[in-house]
Amino acid sequence: MTEFLAAAQAAARLGGAILQEWSRKFTAREKSPANLVTEADLASEEAIAGYLLERFPDHQMLGEESLNRTGNSPFRWIIDPLDGTSNYVHRFPYYAVSIGLEEAGELIAGAIYDPNRDEMFAAAKGQGATLNGESIRVSDESLLANAMCMASLPVKADRTHVAVRKFLNALEAAQSVQRSGSAALNLCSVACGRIEAFWSNSLKPWDMAAGVLIVREAGGAVTNTSGTLFDVNIPDLLATNGAGLHGELVDVLTRES
């Protein structure tokens with residue numbers, strides 16, 4: 001496990017360095033920065049995959065770009081080389097590299113690296129969660145009315161979208177509800193007690209895998225938004241500090257109006 005966690009952190013730092021290098025090659029005001037961003041994504045993913053395959057040549061891999069390596073190994077790396085693409089394009093410094101590892105479908109190790117703050121969040125199953133090597137825990141706030149929350153909304157969601165309704169319902173019940181643009185860092189913020197909750201119904205496995213383990217190992221709770229079993233392959237996530245507000249938030253998010 002120590003070897004896996006060290007590899008995840010090293011690969012995340014490698015990807016983060018590549019993102020920072022590419023970020024200086026365009027500005028947010030360019031007419032069409034999309035190709036450069038795609039190149040940054042691909043360069044980061046290629047470097048991460050190359051590093052991990054050199055260390056674990058038989059492991060499976062799944063990545064946001066075109067990475068989908070299958071095989072007989074029970075281990076699968078789930079990689080997001082750039083979580084927070086829109087933020088990255090606009091030079092808003094809230095994006096990260098996220099790397100999770102499954103064994104036979106169970107999350108066992110994960111690392112999320114924020115290259116702008118040089119913050120490395122990491123966790124291994126049964127060993128707790130850390131930020132730059134120091135143990136972290138979720139907050140102890142138990143009331144939704146006192147909680148700061150984050151939500152992800154689908155791109156271009158209109159006012160009739162169910163995700164917007166959930167957002168507005170929570171806005172009335174929580175102290176604060178924000179939308180930041182990086183699911184991985186939102187999960188890390190839950191894990192270290194900066195916020196109390198994060199939810200989404202539009203994420204992919206690579207957005208969630210590492211962060212879900214980090215939240216759990218920091219003492220938090222992870223379910224779907226209905227309060228039942230979370231599945232990394234299904235875009236339905238609610239992560240909280242695990243206090244009484246988890247059930248309260250489930251009630252809010254499942255209200256019909």
# chains A, B, ... in the order shown; residues from 1 in each chain; ligands from 1
$ select_by_dssp --residues "range 174-235 of chain A" --states "alpha helix (DSSP H)" --output "list in words"
Ala183, Ala184, Leu185, Asn186, Leu187, Cys188, Ser189, Val190, Ala191, Pro205, Trp206, Asp207, Met208, Ala209, Ala210, Gly211, Val212, Leu213, Ile214, Val215, Arg216 and Glu217 of chain A
$ closest_atom_pairs --of "range 156-230 of chain A" --to "range 134-139 of chain A" --cutoff "10 Å" --atoms "only C-alpha atoms" --output "tab-separated table"
residue	atom	partner	partner_atom	distance
A:Cys188	CA	A:Val138	CA	9.6
A:Ser189	CA	A:Val138	CA	8.5
A:Val190	CA	A:Val138	CA	6.1
A:Ala191	CA	A:Val138	CA	4.9
A:Cys192	CA	A:Ile136	CA	5.1
A:Gly193	CA	A:Ser139	CA	4.3
A:Arg194	CA	A:Ser139	CA	7.4
A:Ile195	CA	A:Ser139	CA	7.5
A:Glu196	CA	A:Ser139	CA	6.6
A:Ala197	CA	A:Val138	CA	9.8
A:Ile214	CA	A:Ile136	CA	9.4
A:Val215	CA	A:Val138	CA	7.6
A:Arg216	CA	A:Val138	CA	9.3
A:Glu217	CA	A:Arg137	CA	8.3
A:Ala218	CA	A:Arg137	CA	4.6
A:Gly219	CA	A:Val138	CA	6.0
A:Gly220	CA	A:Val138	CA	6.0
A:Ala221	CA	A:Val138	CA	9.6
$ write_last_selection --atoms "C-alpha atoms" --output "PDB file, in the first residue's frame"
ATOM      1  CA  CYS A 188     -10.471  17.562  -0.538  1.00  0.00           C
ATOM      2  CA  SER A 189     -12.058  20.609   1.077  1.00  0.00           C
ATOM      3  CA  VAL A 190     -14.652  18.357   2.720  1.00  0.00           C
ATOM      4  CA  ALA A 191     -11.895  16.043   3.908  1.00  0.00           C
ATOM      5  CA  CYS A 192      -9.833  18.755   5.604  1.00  0.00           C
ATOM      6  CA  GLY A 193     -12.781  20.601   7.139  1.00  0.00           C
ATOM      7  CA  ARG A 194     -12.806  23.682   4.927  1.00  0.00           C
ATOM      8  CA  ILE A 195     -16.378  22.923   3.871  1.00  0.00           C
ATOM      9  CA  GLU A 196     -19.023  20.511   5.137  1.00  0.00           C
ATOM     10  CA  ALA A 197     -20.519  19.030   1.962  1.00  0.00           C
ATOM     11  CA  ILE A 214      -9.747  10.846   0.904  1.00  0.00           C
ATOM     12  CA  VAL A 215     -13.086  11.961   2.368  1.00  0.00           C
ATOM     13  CA  ARG A 216     -13.803   8.527   3.815  1.00  0.00           C
ATOM     14  CA  GLU A 217     -10.352   8.218   5.364  1.00  0.00           C
ATOM     15  CA  ALA A 218     -10.740  11.703   6.882  1.00  0.00           C
ATOM     16  CA  GLY A 219     -13.868  10.534   8.707  1.00  0.00           C
ATOM     17  CA  GLY A 220     -16.482  11.757   6.252  1.00  0.00           C
ATOM     18  CA  ALA A 221     -19.471  10.059   4.678  1.00  0.00           C
TER      19      ALA A 221
END
$ closest_residue --among "A:Asp58, A:Glu172, A:Asp114, A:Glu106" --to "Leu19 in chain A" --atoms "only C-alpha atoms"
A:Asp114
$ residues_around --residues "Ala6 in chain A" --least-positions-apart "5" --cutoff "9 Å" --atoms "only C-alpha atoms" --output "JSON, numbers by chain"
{"A": [1, 11, 111]}
$ atom_distance --atom1 "CA of Pro115 in chain A" --atom2 "CA of Cys149 in chain A"
23.1 Å
$ closest_residue --among "A:Ser66, A:Ser176, A:Gln127, A:Gln9" --to "Ala43 in chain A" --atoms "only C-alpha atoms"
A:Ser66
$ closest_residue --among "A:Arg55, A:Ala174, A:Trp22, A:Gln60" --to "Leu42 in chain A" --atoms "only C-alpha atoms"
A:Trp22
$ residues_around --residues "Gly100 in chain A" --least-positions-apart "5" --cutoff "12 Å" --atoms "only C-alpha atoms" --output "ChimeraX atom specification"
/A:4-9,11-12,48,52,60-63,75-81,105-113,121-125,184,205-214,232
$ closest_residue --among "A:Asn169, A:Leu144, A:Leu185, A:Asn201" --to "Leu245 in chain A" --atoms "only C-alpha atoms"
A:Leu144
$ select_by_dssp --residues "range 107-218 of chain A" --states "strand (DSSP E or B)" --output "ChimeraX atom specification"
/A:107-114,119-124,129-131,134-135,148-151,176-178,197-200
$ write_last_selection --atoms "C-alpha atoms" --output "PDB file, in the first residue's frame"
ATOM      1  CA  LEU A 107     -10.846   2.171  -3.789  1.00  0.00           C
ATOM      2  CA  ILE A 108      -7.586   1.623  -1.912  1.00  0.00           C
ATOM      3  CA  ALA A 109      -5.318   4.620  -2.611  1.00  0.00           C
ATOM      4  CA  GLY A 110      -5.632   8.140  -3.940  1.00  0.00           C
ATOM      5  CA  ALA A 111      -3.778  11.410  -4.375  1.00  0.00           C
ATOM      6  CA  ILE A 112      -4.983  14.833  -5.469  1.00  0.00           C
ATOM      7  CA  TYR A 113      -2.428  17.551  -6.156  1.00  0.00           C
ATOM      8  CA  ASP A 114      -3.165  21.273  -6.332  1.00  0.00           C
ATOM      9  CA  GLU A 119      -1.075  20.976  -1.642  1.00  0.00           C
ATOM     10  CA  MET A 120      -0.955  17.201  -1.837  1.00  0.00           C
ATOM     11  CA  PHE A 121      -3.979  15.390  -0.444  1.00  0.00           C
ATOM     12  CA  ALA A 122      -3.566  11.637  -0.094  1.00  0.00           C
ATOM     13  CA  ALA A 123      -5.140   8.581   1.479  1.00  0.00           C
ATOM     14  CA  ALA A 124      -4.779   4.822   1.650  1.00  0.00           C
ATOM     15  CA  ALA A 129      -5.933  10.960   5.015  1.00  0.00           C
ATOM     16  CA  THR A 130      -3.236  13.606   4.859  1.00  0.00           C
ATOM     17  CA  LEU A 131      -2.469  17.058   3.487  1.00  0.00           C
ATOM     18  CA  GLU A 134      -0.130  15.889   8.033  1.00  0.00           C
ATOM     19  CA  SER A 135      -3.295  14.095   9.154  1.00  0.00           C
ATOM     20  CA  MET A 148     -20.692  25.730   3.785  1.00  0.00           C
ATOM     21  CA  CYS A 149     -21.411  23.489   0.780  1.00  0.00           C
ATOM     22  CA  MET A 150     -20.184  23.044  -2.781  1.00  0.00           C
ATOM     23  CA  ALA A 151     -22.145  21.748  -5.762  1.00  0.00           C
ATOM     24  CA  SER A 176     -23.632  28.976   1.966  1.00  0.00           C
ATOM     25  CA  VAL A 177     -23.629  27.035  -1.320  1.00  0.00           C
ATOM     26  CA  GLN A 178     -20.859  27.621  -3.864  1.00  0.00           C
ATOM     27  CA  ALA A 197     -20.519  19.030   1.962  1.00  0.00           C
ATOM     28  CA  PHE A 198     -20.220  18.545  -1.784  1.00  0.00           C
ATOM     29  CA  TRP A 199     -22.623  16.922  -4.227  1.00  0.00           C
ATOM     30  CA  SER A 200     -23.052  16.321  -7.928  1.00  0.00           C
TER      31      SER A 200
END
$ residues_around --residues "Leu82 in chain A" --least-positions-apart "2" --cutoff "10 Å" --atoms "only C-alpha atoms" --output "JSON, numbers by chain"
{"A": [15, 16, 19, 37, 38, 40, 41, 42, 44, 45, 64, 65, 79, 80, 84, 85, 86, 88, 95, 96, 97, 98, 182, 184, 206, 207]}
$ atom_distance --atom1 "CA of Lys204 in chain A" --atom2 "CA of Ser152 in chain A"
11.8 Å
$ residues_around --residues "Ser226 in chain A" --least-positions-apart "5" --cutoff "9 Å" --atoms "only C-alpha atoms" --output "list in words"
Asp236, Leu237, Leu238, Val250, Asp251, Leu253 and Thr254 of chain A
$ write_last_selection --atoms "C-alpha atoms" --output "short mmCIF file (atom, residue, chain, number, x, y, z; two decimals), in the first residue's frame"
data_model
loop_
_atom_site.label_atom_id
_atom_site.label_comp_id
_atom_site.auth_asym_id
_atom_site.auth_seq_id
_atom_site.Cartn_x
_atom_site.Cartn_y
_atom_site.Cartn_z
CA ASP A 236 -24.48 10.51 -8.24
CA LEU A 237 -22.40 11.71 -5.29
CA LEU A 238 -22.94 13.27 -1.88
CA VAL A 250 -30.27 14.13 1.65
CA ASP A 251 -33.78 15.32 2.55
CA LEU A 253 -31.64 17.20 -2.28
CA THR A 254 -34.48 14.71 -2.75
#
$ atom_distance --atom1 "CA of Lys166 in chain A" --atom2 "CA of Val89 in chain A"
27.4 Å
